[in-house]
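Scroll down for the structure; my scribbles are underneath it.
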Amino acid sequence: MVATGLGLVTALALTGCGGAGGSSASGGSKEVNVLMVNNPQMIDLQKLAKSDFTKETGIKVNFTTLPEDDVRAKISQEFSAQAGQYDVASLSNYEVPSYAKNGWLSPLDDTVAKSKGFDQSDILKPMTQALTVGGKVYAEPFYGESSFLMYRKDVFQKAGVTLPDQPTWQQVADAAAKVDGVQPGMKGICLRGQPGWGQVFAPLTTVVNTFGGTWFDKDWNAQVNSPEFVKATQFYVDLVKAHGESGAAQAGFTECLNDLTQGKVAMWYDATSAAGSLEADDSPVKGKIGYVAAPVDQTKESGWLYTWAWGIEKAGKNQDAAAKFVAWASSKKYEDLVGKKLGWSRVPAGKRASTYENTDYQNATQAFYKQTQTAIESVDPNNPGVQKRPAAGIQFVAIPEFADMATQVSQEVSSAIAGKETVQQALDKGQKLAQKVGDKYKGK
């Protein structure tokens, strides 16, 4: 995903958002209707589909592209009704588990996964795990990300501060205090504080995980005001209040990206996908940023995992054409096409081991490709903490209710960052919200 989109919550179902083209019988269909988020990587895909995929296969692709909040609502409406208007949709690893369990997706093991040249074994293991339900693959990744810590090498050198390749959160906090103010107007670190299940809780939930906390225990008992959850959140809030960016309670991915790029902060913990912007030719900090693993406390690693992936609607009318499109859009061949036509830095990476072995890609992303690959390969979406979980997910819990619940809790945490209430007060409110959700799943 484009990390800015992670903060958008599932909206109410929309109407009149544009329709797909016509359809034909699944056997020998010559078109496929695709509903997808309008992120830059998808716009590249839209341009290349006609010149490559349609030219080669004769299959016409009808695209409907929408902003993330709109497309999530449209996809939810379409797939829950099994309307069959669309064949393929861009889904994240947040939706796939519940969509698969509801019978809304076609399994891909015998279609896409076995397509000539696709090579399912080349897909990074955590990505395959995150998109597998009941032993079957239900989506194929288009691109993916984890998280890591980014820091200004020149500022750290000036302050005489070093970071290990895998720092602890305490080491990060100590470093933030030492580099705070080394340059005029520069704070020590940027951490998201903006409300949203995918804004403040994207990084914060990974901190909770490594501090020994969890949203729910294995029996669906809410743990939001447990000592571990409180300790992690208090640490996060104290750090950003003491050494974090200006306006932290409203800062999300975009604000932190801008702050690091503009020299307003010395560190930032966030998505690996941010590195492409930091190392862009027009970036004032290109070549000045160091990248190390997501900070830890009690766990060996603590990065998150996110992917935009292609799922085929079970009621879709063009199953064969849809499978061919997904196999192409997630393929090594497509990455090579992007690299040669648009530039290797624009390749939708984070999903295939072979990408990181490609010398053209390595040369274009040498500042961060190794750290990104390591971050993605080291995470476990099923066991991200110190205890068993009732559902998959690292920076989220893969149940439909999580988005709304966590967004409500995030508003309280943002309020605590702003100094309007205590962390304990915020999480006591969150506990009640979470337990209502947990109660729905007990005994199931």
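Identifiers in the structure tokens: chain A, B, ... in order shown; residue index from 1 per chain; ligand index from 1 in order shown.
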- Message: With only C-alpha atoms as the counted atoms, please give the residues lying no more than 7 Å from segment 132-142 of chain A, apart from itself and same-chain residues fewer than 3 positions off, as a PyMOL selection string.
- Response: chain A and resi 97+100+105-109+128-129+307-311+329-330+348+351
Those residues with N, CA and C atoms, as a compact mmCIF listing (two decimals), in the first residue's frame please?
```txt
# COMPACT_ATOMS: atom_id res chain seq x y z
N PRO A 97 -8.53 -12.24 5.08
CA PRO A 97 -8.99 -13.34 5.93
C PRO A 97 -10.50 -13.41 6.10
N ALA A 100 -12.30 -14.27 2.74
CA ALA A 100 -12.15 -15.68 2.40
C ALA A 100 -13.08 -16.54 3.24
N LEU A 105 -14.30 -14.91 -1.98
CA LEU A 105 -13.13 -14.94 -2.86
C LEU A 105 -12.94 -16.32 -3.49
N SER A 106 -12.42 -16.33 -4.70
CA SER A 106 -12.06 -17.60 -5.35
C SER A 106 -10.65 -17.98 -4.93
N PRO A 107 -10.42 -19.22 -4.51
CA PRO A 107 -9.05 -19.64 -4.19
C PRO A 107 -8.19 -19.63 -5.45
N LEU A 108 -6.90 -19.34 -5.29
CA LEU A 108 -6.03 -19.14 -6.45
C LEU A 108 -4.98 -20.24 -6.62
N ASP A 109 -5.01 -21.25 -5.76
CA ASP A 109 -3.99 -22.30 -5.78
C ASP A 109 -3.89 -23.02 -7.11
N THR A 128 2.71 -14.59 1.54
CA THR A 128 1.87 -15.75 1.27
C THR A 128 1.07 -16.14 2.51
N GLN A 129 1.73 -16.13 3.68
CA GLN A 129 1.04 -16.46 4.93
C GLN A 129 -0.13 -15.51 5.19
N THR A 307 0.14 -5.30 2.58
CA THR A 307 0.22 -5.50 1.13
C THR A 307 -1.08 -5.11 0.47
N TRP A 308 -0.97 -4.52 -0.71
CA TRP A 308 -2.11 -4.44 -1.61
C TRP A 308 -2.00 -5.66 -2.51
N ALA A 309 -3.06 -6.41 -2.58
CA ALA A 309 -3.06 -7.68 -3.30
C ALA A 309 -4.30 -7.78 -4.18
N TRP A 310 -4.24 -8.72 -5.11
CA TRP A 310 -5.37 -8.93 -6.03
C TRP A 310 -6.19 -10.13 -5.60
N GLY A 311 -7.49 -9.89 -5.39
CA GLY A 311 -8.43 -10.97 -5.08
C GLY A 311 -9.47 -11.09 -6.17
N ALA A 329 -0.33 -9.33 -13.29
CA ALA A 329 -0.12 -8.14 -12.47
C ALA A 329 0.76 -8.41 -11.25
N SER A 330 0.88 -9.67 -10.83
CA SER A 330 1.71 -10.02 -9.68
C SER A 330 3.01 -10.71 -10.09
N PRO A 348 6.77 -2.21 -8.31
CA PRO A 348 5.96 -2.53 -7.13
C PRO A 348 6.59 -3.68 -6.35
N LYS A 351 7.33 -7.99 -2.54
CA LYS A 351 6.55 -9.23 -2.60
C LYS A 351 7.34 -10.44 -3.08
```
- Message: as a list in words, please: the residues near Val155 of chain A (cut-off 9 Å, only C-alpha atoms, same-chain neighbours under 5 positions excluded).
- Response: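 Listing them by chain and then by number gives Gly160, Val161, Val179, Val182, Gln183, Ala266 and Lys288 of chain A.
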- Residue nearest Tyr291 of chain A among A:Asp165, A:Asp122, A:Asp320, A:Glu68 (counting only C-alpha atoms): A:Asp165
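Closest approach to Lys432 of chain A among A:Trp197, A:Thr64, A:Met405, A:Val285: A:Met405, based on only C-alpha atoms.
Atom pair atom CA of Gly290 of chain A / atom CA of Arg152 of chain A has a distance of 6.2 Å (rounded to one decimal).
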- Can you work out the spacing between atom CA of Gly212 of chain A and atom CA of Gly198 of chain A in Å, to one decimal?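 Separation of atom CA of Gly212 of chain A and atom CA of Gly198 of chain A: 20.3 Å.
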- Between A:Asp52, A:Asp219, A:Glu31, A:Asp180, which is the closest to Gly443 of chain A once you count only C-alpha atoms?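 Checking each candidate against Gly443 of chain A, we get A:Asp219 as the closest.
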- Tell me, which residues of segment 130-203 of chain A carry DSSP alpha helix (DSSP H), written as a PyMOL selection string? chain A and resi 130+153-159+169-179+201-203
- Looking at only C-alpha atoms, which of A:Ala222, A:Leu305, A:Val338, A:Ala353 is the one that sits closest to Ala434 of chain A?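 Checking each of A:Ala222, A:Leu305, A:Val338, A:Ala353 against Ala434 of chain A, counting only C-alpha atoms, the winner is A:Ala222.
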- For Ala202 of chain A, which residue out of A:Gly84, A:Gly303, A:Gly244, A:Pro381 is the nearest one, using only C-alpha atoms?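 Using only C-alpha atoms, the shortest distance to Ala202 of chain A belongs to A:Gly303.
If you measure from each of A:Tyr356, A:Tyr269, A:Tyr306, A:Tyr334 to Leu48 of chain A using only C-alpha atoms, the closest one turns out to be A:Tyr334.
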- Message: According to DSSP computed on the backbone, where in segment 221-422 of chain A is there strand (DSSP E)? Give the residues as a list in words.
- Response: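 So the strand (DSSP E) residues in segment 221-422 of chain A would be Met267, Trp268, Tyr269, Asp270, Ala271, Ile289, Gly290, Tyr291, Val292, Ala293, Tyr306, Thr307, Trp308, Ala309, Trp310, Gly311 and Ile312 of chain A.
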Neighbour list for Leu257 of chain A as a tab-separated table (two decimals) with N, CA and C atoms, in the first residue's frame, cut-off 10 Å, only C-alpha atoms, skip fewer than 2 positions in-chain:
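So out30.tsv came out as:
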```
chain	number	residue	atom	x	y	z
A	4	THR	N	0.32	6.42	3.10
A	4	THR	CA	-0.65	7.44	3.47
A	4	THR	C	-2.04	6.85	3.53
A	190	CYS	N	9.96	11.59	14.82
A	190	CYS	CA	8.57	11.75	14.40
A	190	CYS	C	7.88	10.41	14.55
A	251	ALA	N	-0.35	14.46	13.41
A	251	ALA	CA	0.65	14.07	12.42
A	251	ALA	C	0.47	12.62	12.00
A	252	GLY	N	0.37	12.40	10.70
A	252	GLY	CA	0.29	11.06	10.15
A	252	GLY	C	1.49	10.78	9.28
A	253	PHE	N	1.35	9.82	8.37
A	253	PHE	CA	2.46	9.44	7.49
A	253	PHE	C	2.98	10.64	6.71
A	254	THR	N	2.09	11.37	6.06
A	254	THR	CA	2.51	12.47	5.20
A	254	THR	C	3.24	13.54	5.97
A	255	GLU	N	2.73	13.89	7.14
A	255	GLU	CA	3.36	14.94	7.95
A	255	GLU	C	4.76	14.52	8.40
A	259	ASP	N	8.32	16.16	7.48
A	259	ASP	CA	9.20	16.64	8.55
A	259	ASP	C	10.62	16.10	8.40
A	260	LEU	N	10.75	14.81	8.05
A	260	LEU	CA	12.09	14.24	7.89
A	260	LEU	C	12.75	14.81	6.63
A	261	THR	N	11.98	14.95	5.58
A	261	THR	CA	12.51	15.49	4.32
A	261	THR	C	12.96	16.94	4.48
A	262	GLN	N	12.24	17.70	5.27
A	262	GLN	CA	12.53	19.13	5.44
A	262	GLN	C	13.48	19.42	6.60
A	265	VAL	N	12.93	16.85	11.79
A	265	VAL	CA	13.13	15.76	12.74
A	265	VAL	C	14.36	14.96	12.32
A	268	TRP	N	12.57	8.83	12.27
A	268	TRP	CA	11.17	8.53	11.98
A	268	TRP	C	11.01	7.02	11.92
A	270	ASP	N	8.49	4.22	10.64
A	270	ASP	CA	7.30	4.11	9.80
A	270	ASP	C	7.51	3.08	8.70
A	274	ALA	N	8.33	4.37	2.57
A	274	ALA	CA	8.70	5.78	2.62
A	274	ALA	C	10.08	6.04	2.04
A	275	ALA	N	10.94	5.02	2.03
A	275	ALA	CA	12.32	5.20	1.59
A	275	ALA	C	12.39	5.68	0.14
A	277	SER	N	10.56	7.79	-1.41
A	277	SER	CA	10.42	9.26	-1.45
A	277	SER	C	11.65	9.94	-0.88
A	278	LEU	N	12.19	9.39	0.20
A	278	LEU	CA	13.36	9.99	0.83
A	278	LEU	C	14.59	9.94	-0.07
```
